[in-house]
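Visitor: Pasting coords34.txt here (compact mmCIF, C-alpha atoms):
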```
# COMPACT_ATOMS: atom_id res chain seq x y z
CA MET A 1 -23.43 -30.16 13.72
CA SER A 2 -22.57 -27.16 15.92
CA ARG A 3 -19.06 -28.57 16.39
CA TRP A 4 -18.54 -28.51 12.60
CA LEU A 5 -19.92 -24.99 12.40
CA LEU A 6 -17.60 -23.82 15.18
CA THR A 7 -14.61 -25.49 13.49
CA GLY A 8 -15.53 -23.85 10.17
CA ILE A 9 -15.81 -20.43 11.78
CA MET A 10 -12.44 -20.85 13.51
CA VAL A 11 -10.77 -21.86 10.22
CA LEU A 12 -12.33 -18.86 8.48
CA LEU A 13 -11.20 -16.46 11.20
CA ALA A 14 -7.67 -17.85 11.12
CA HIS A 15 -7.61 -17.39 7.35
CA LEU A 16 -8.87 -13.80 7.57
CA ALA A 17 -6.35 -12.87 10.26
CA SER A 18 -3.35 -14.23 8.39
CA PRO A 19 -1.75 -13.13 5.11
CA ALA A 20 -3.08 -14.80 1.96
CA VAL A 21 0.41 -15.63 0.67
CA ALA A 22 3.05 -17.36 2.70
CA ALA A 23 5.81 -14.98 3.73
CA GLU A 24 8.25 -14.73 0.86
CA THR A 25 11.05 -12.26 0.32
CA LEU A 26 12.09 -11.05 -3.10
CA GLN A 27 14.97 -8.85 -4.08
CA GLY A 28 14.87 -6.68 -7.18
CA MET A 29 15.36 -3.29 -8.73
CA VAL A 30 12.52 -0.79 -8.91
CA LYS A 31 12.09 -0.13 -12.64
CA ALA A 32 8.88 1.92 -12.52
CA VAL A 33 6.68 3.76 -10.06
CA TYR A 34 3.01 3.84 -11.08
CA ASP A 35 1.80 5.99 -8.20
CA GLY A 36 2.41 6.59 -4.50
CA ASP A 37 1.75 2.98 -3.54
CA THR A 38 2.58 0.82 -6.57
CA VAL A 39 5.95 -0.06 -8.12
CA VAL A 40 7.39 -2.50 -10.65
CA LEU A 41 10.27 -4.74 -9.57
CA VAL A 42 12.63 -6.57 -11.88
CA GLY A 43 14.90 -9.30 -10.59
CA ARG A 44 16.39 -12.65 -11.33
CA GLY A 45 13.76 -15.27 -11.95
CA MET A 46 10.78 -12.95 -11.40
CA GLY A 47 10.60 -10.91 -14.61
CA ARG A 48 8.53 -7.76 -14.09
CA LEU A 49 6.48 -7.87 -10.92
CA THR A 50 3.89 -5.21 -10.03
CA VAL A 51 3.96 -4.65 -6.28
CA ARG A 52 1.42 -2.74 -4.21
CA LEU A 53 2.81 -1.35 -0.96
CA TYR A 54 1.13 -3.17 1.92
CA GLY A 55 -0.95 -1.31 4.48
CA ILE A 56 -0.98 2.09 2.81
CA ASP A 57 -3.18 3.93 0.33
CA ALA A 58 -1.75 6.96 -1.45
CA PRO A 59 -3.81 9.68 -3.15
CA GLU A 60 -4.79 8.75 -6.70
CA THR A 61 -2.75 10.09 -9.60
CA ARG A 62 -4.34 11.47 -12.75
CA LYS A 63 -5.29 8.82 -15.32
CA PRO A 64 -6.27 9.41 -18.96
CA HIS A 65 -9.96 8.90 -18.11
CA LEU A 66 -9.99 10.10 -14.48
CA PRO A 67 -8.80 13.11 -12.54
CA GLY A 68 -6.23 12.75 -9.80
CA GLN A 69 -6.36 13.79 -6.17
CA PRO A 70 -4.45 16.55 -4.44
CA PHE A 71 -1.00 15.21 -3.45
CA GLY A 72 -1.32 12.24 -5.84
CA SER A 73 1.50 13.42 -8.11
CA GLN A 74 3.60 14.47 -5.10
CA ALA A 75 3.24 11.02 -3.51
CA LYS A 76 4.32 9.41 -6.78
CA ARG A 77 7.36 11.73 -7.03
CA VAL A 78 8.38 11.03 -3.42
CA LEU A 79 8.22 7.28 -4.01
CA MET A 80 10.15 7.64 -7.28
CA TYR A 81 12.85 9.63 -5.52
CA LYS A 82 13.13 7.00 -2.79
CA LEU A 83 13.09 3.87 -4.95
CA LEU A 84 13.48 4.29 -8.71
CA GLY A 85 16.54 2.41 -9.94
CA LYS A 86 17.37 1.08 -6.48
CA GLU A 87 17.70 -2.49 -5.21
CA VAL A 88 15.01 -3.26 -2.64
CA VAL A 89 13.67 -6.18 -0.66
CA ALA A 90 9.95 -6.91 -0.98
CA GLU A 91 8.50 -8.87 1.93
CA LEU A 92 5.39 -10.35 0.32
CA VAL A 93 2.28 -10.32 2.48
CA GLU A 94 -0.52 -11.29 0.07
CA ARG A 95 -1.97 -10.92 -3.42
CA ASP A 96 -4.69 -8.34 -3.98
CA GLN A 97 -7.91 -8.66 -5.98
CA TYR A 98 -6.06 -7.55 -9.14
CA GLY A 99 -3.36 -10.22 -8.82
CA ARG A 100 -0.66 -7.78 -7.72
CA SER A 101 1.81 -8.82 -5.08
CA VAL A 102 1.33 -6.81 -1.89
CA ALA A 103 4.52 -6.24 0.08
CA VAL A 104 6.43 -4.24 2.62
CA ILE A 105 9.24 -2.62 0.67
CA LYS A 106 12.58 -2.30 2.44
CA LEU A 107 15.49 -0.18 1.26
CA ALA A 108 18.66 -0.61 3.30
CA GLY A 109 16.50 -1.89 6.18
CA ARG A 110 14.11 1.10 6.06
CA ASP A 111 10.36 0.40 5.84
CA ILE A 112 9.38 2.55 2.84
CA ASN A 113 5.66 1.92 3.39
CA ALA A 114 5.97 3.42 6.89
CA GLU A 115 7.99 6.36 5.56
CA MET A 116 5.26 7.23 3.05
CA VAL A 117 2.69 7.37 5.85
CA ALA A 118 5.02 9.30 8.20
CA GLU A 119 5.68 11.91 5.51
CA GLY A 120 1.98 12.43 4.85
CA MET A 121 2.11 10.86 1.39
CA ALA A 122 -0.34 8.04 2.19
CA TRP A 123 -2.99 6.90 4.61
CA ALA A 124 -2.62 3.85 6.83
CA TYR A 125 -5.02 1.51 5.01
CA ARG A 126 -6.88 0.35 8.12
CA GLN A 127 -9.26 -1.91 6.19
CA TYR A 128 -6.38 -4.26 5.32
CA LEU A 129 -3.83 -3.70 8.11
CA VAL A 130 -2.98 -6.42 10.61
CA ALA A 131 -0.32 -6.76 13.29
CA PRO A 132 2.53 -6.02 13.53
CA TYR A 133 2.08 -3.14 11.09
CA ALA A 134 -1.37 -1.86 12.11
CA SER A 135 -0.45 0.08 15.23
CA GLN A 136 2.81 1.37 13.73
CA TYR A 137 1.25 2.71 10.53
CA ILE A 138 -1.80 4.15 12.31
CA ASN A 139 0.43 5.93 14.84
CA LEU A 140 2.59 7.34 12.01
CA GLU A 141 -0.52 8.62 10.24
CA GLU A 142 -1.81 10.28 13.39
CA GLN A 143 1.58 11.96 13.90
CA ALA A 144 1.71 13.18 10.28
CA ARG A 145 -1.83 14.52 10.70
CA ARG A 146 -0.91 16.39 13.91
CA LEU A 147 2.19 17.87 12.26
CA ARG A 148 0.24 18.69 9.06
CA ARG A 149 2.72 16.87 6.85
CA GLY A 150 2.03 16.26 3.18
CA LEU A 151 -1.63 15.65 2.37
CA TRP A 152 -2.55 16.63 5.93
CA ARG A 153 -1.90 20.28 4.99
CA ASP A 154 -5.42 20.16 3.53
CA ALA A 155 -8.13 20.72 6.12
CA ASN A 156 -10.10 17.63 5.15
CA PRO A 157 -8.31 15.42 2.59
CA GLU A 158 -10.45 12.81 0.86
CA PRO A 159 -9.22 9.25 1.40
CA PRO A 160 -8.40 7.45 -1.87
CA TRP A 161 -10.94 4.68 -1.25
CA GLU A 162 -13.72 7.29 -1.04
CA PHE A 163 -12.37 9.10 -4.11
CA ARG A 164 -12.35 5.83 -6.11
CA ARG A 165 -15.89 5.03 -4.99
CA GLY A 166 -17.03 8.46 -6.22
CA GLN A 167 -15.29 8.00 -9.58
CA LYS A 168 -16.81 4.60 -10.43
CA GLY A 169 -19.90 6.09 -12.05
CA ARG A 170 -17.81 8.56 -14.07
CA ARG A 171 -15.69 6.02 -15.96
CA ARG A 172 -16.31 5.69 -19.68
```
Just give me the structure of the file as structure tokens.

Guide:
Amino acid sequence: MSRWLLTGIMVLLAHLASPAVAAETLQGMVKAVYDGDTVVLVGRGMGRLTVRLYGIDAPETRKPHLPGQPFGSQAKRVLMYKLLGKEVVAELVERDQYGRSVAVIKLAGRDINAEMVAEGMAWAYRQYLVAPYASQYINLEEQARRLRRGLWRDANPEPPWEFRRGQKGRRR
């Protein structure tokens, strides 16, 4: 019985360490930017696809029923400036709990997810990061923090995951 338990644990660990969706690459045009870490792609054969940028978490933007965070609208504008109306490659990593595709977005070979962190427009989302992106994104965040870029101008910015947790009881 212990052999079966050990095998089960090893299978579970392998599943947790690897992306939930097999690596797939899509090409499309960014038709909308919802916030600093979510875009809508349109391309041949895919229709409209909502894509969450892998490994980052940007400050929340204002919603009709919820306030936004400092730098939320700036992060959205930066991402719009970078991507809106442009052809990108989305390297799919997984699907999130809301059914969105989660991907590394590349524009002319540039890792846009990494750029958002480096410019202080998003946190490295440590809870979900795995190699090879984990060390890169975490190092970029630490550098942005040291240089007080973007959201790091604030003395103690609130991470979006903590902000969302605090807002759950306030929703109507």

Visitor: Could you list, as a count of residues only, every residue within 8 Å of Glu24 in chain A, counting all atoms listed in the file and ignoring same-chain residues fewer than 5 positions away?

Guide: 3

Visitor: So which one's closest to Lys86 in chain A, A:Gly120, A:Lys63, A:Leu107, A:Gln136? Using all atoms listed in the file, please.

Guide: A:Leu107

Visitor: Could you check how far CA of Val130 in chain A sits from CA of Gly55 in chain A, in Å to one decimal?

Guide: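 A separation of 8.2 Å between them.
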
Visitor: Compile a residue-level contact table for range 45-89 of chain A against range 99-103 of chain A at a cut-off of 12 Å, reporting for every qualifying residue the shortest atom pair and its distance in Å to one decimal, with all atoms listed in the file counted, rows ordered by chain and ascending number, as JSON lines.

Guide:
```
{"residue": "A:Met46", "atom": "CA", "partner": "A:Ser101", "partner_atom": "CA", "distance": 11.7}
{"residue": "A:Arg48", "atom": "CA", "partner": "A:Arg100", "partner_atom": "CA", "distance": 11.2}
{"residue": "A:Leu49", "atom": "CA", "partner": "A:Ser101", "partner_atom": "CA", "distance": 7.5}
{"residue": "A:Thr50", "atom": "CA", "partner": "A:Arg100", "partner_atom": "CA", "distance": 5.7}
{"residue": "A:Val51", "atom": "CA", "partner": "A:Ser101", "partner_atom": "CA", "distance": 4.8}
{"residue": "A:Arg52", "atom": "CA", "partner": "A:Val102", "partner_atom": "CA", "distance": 4.7}
{"residue": "A:Leu53", "atom": "CA", "partner": "A:Ala103", "partner_atom": "CA", "distance": 5.3}
{"residue": "A:Tyr54", "atom": "CA", "partner": "A:Ala103", "partner_atom": "CA", "distance": 4.9}
{"residue": "A:Gly55", "atom": "CA", "partner": "A:Ala103", "partner_atom": "CA", "distance": 8.6}
{"residue": "A:Ile56", "atom": "CA", "partner": "A:Val102", "partner_atom": "CA", "distance": 10.3}
{"residue": "A:Asp57", "atom": "CA", "partner": "A:Val102", "partner_atom": "CA", "distance": 11.9}
{"residue": "A:Val88", "atom": "CA", "partner": "A:Ala103", "partner_atom": "CA", "distance": 11.2}
{"residue": "A:Val89", "atom": "CA", "partner": "A:Ala103", "partner_atom": "CA", "distance": 9.2}
```

Visitor: Here is a test: counting only C-alpha atoms, which residue of A:Val117, A:Val33, A:Arg153, A:Asp111 is nearest to Ser73 in chain A?

Guide: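 The answer is A:Val33, which sits nearest to Ser73 in chain A.
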
Visitor: Between CA of Leu140 in chain A and CA of Asn113 in chain A, what is the distance, to one decimal in Å?

Guide: 10.6 Å
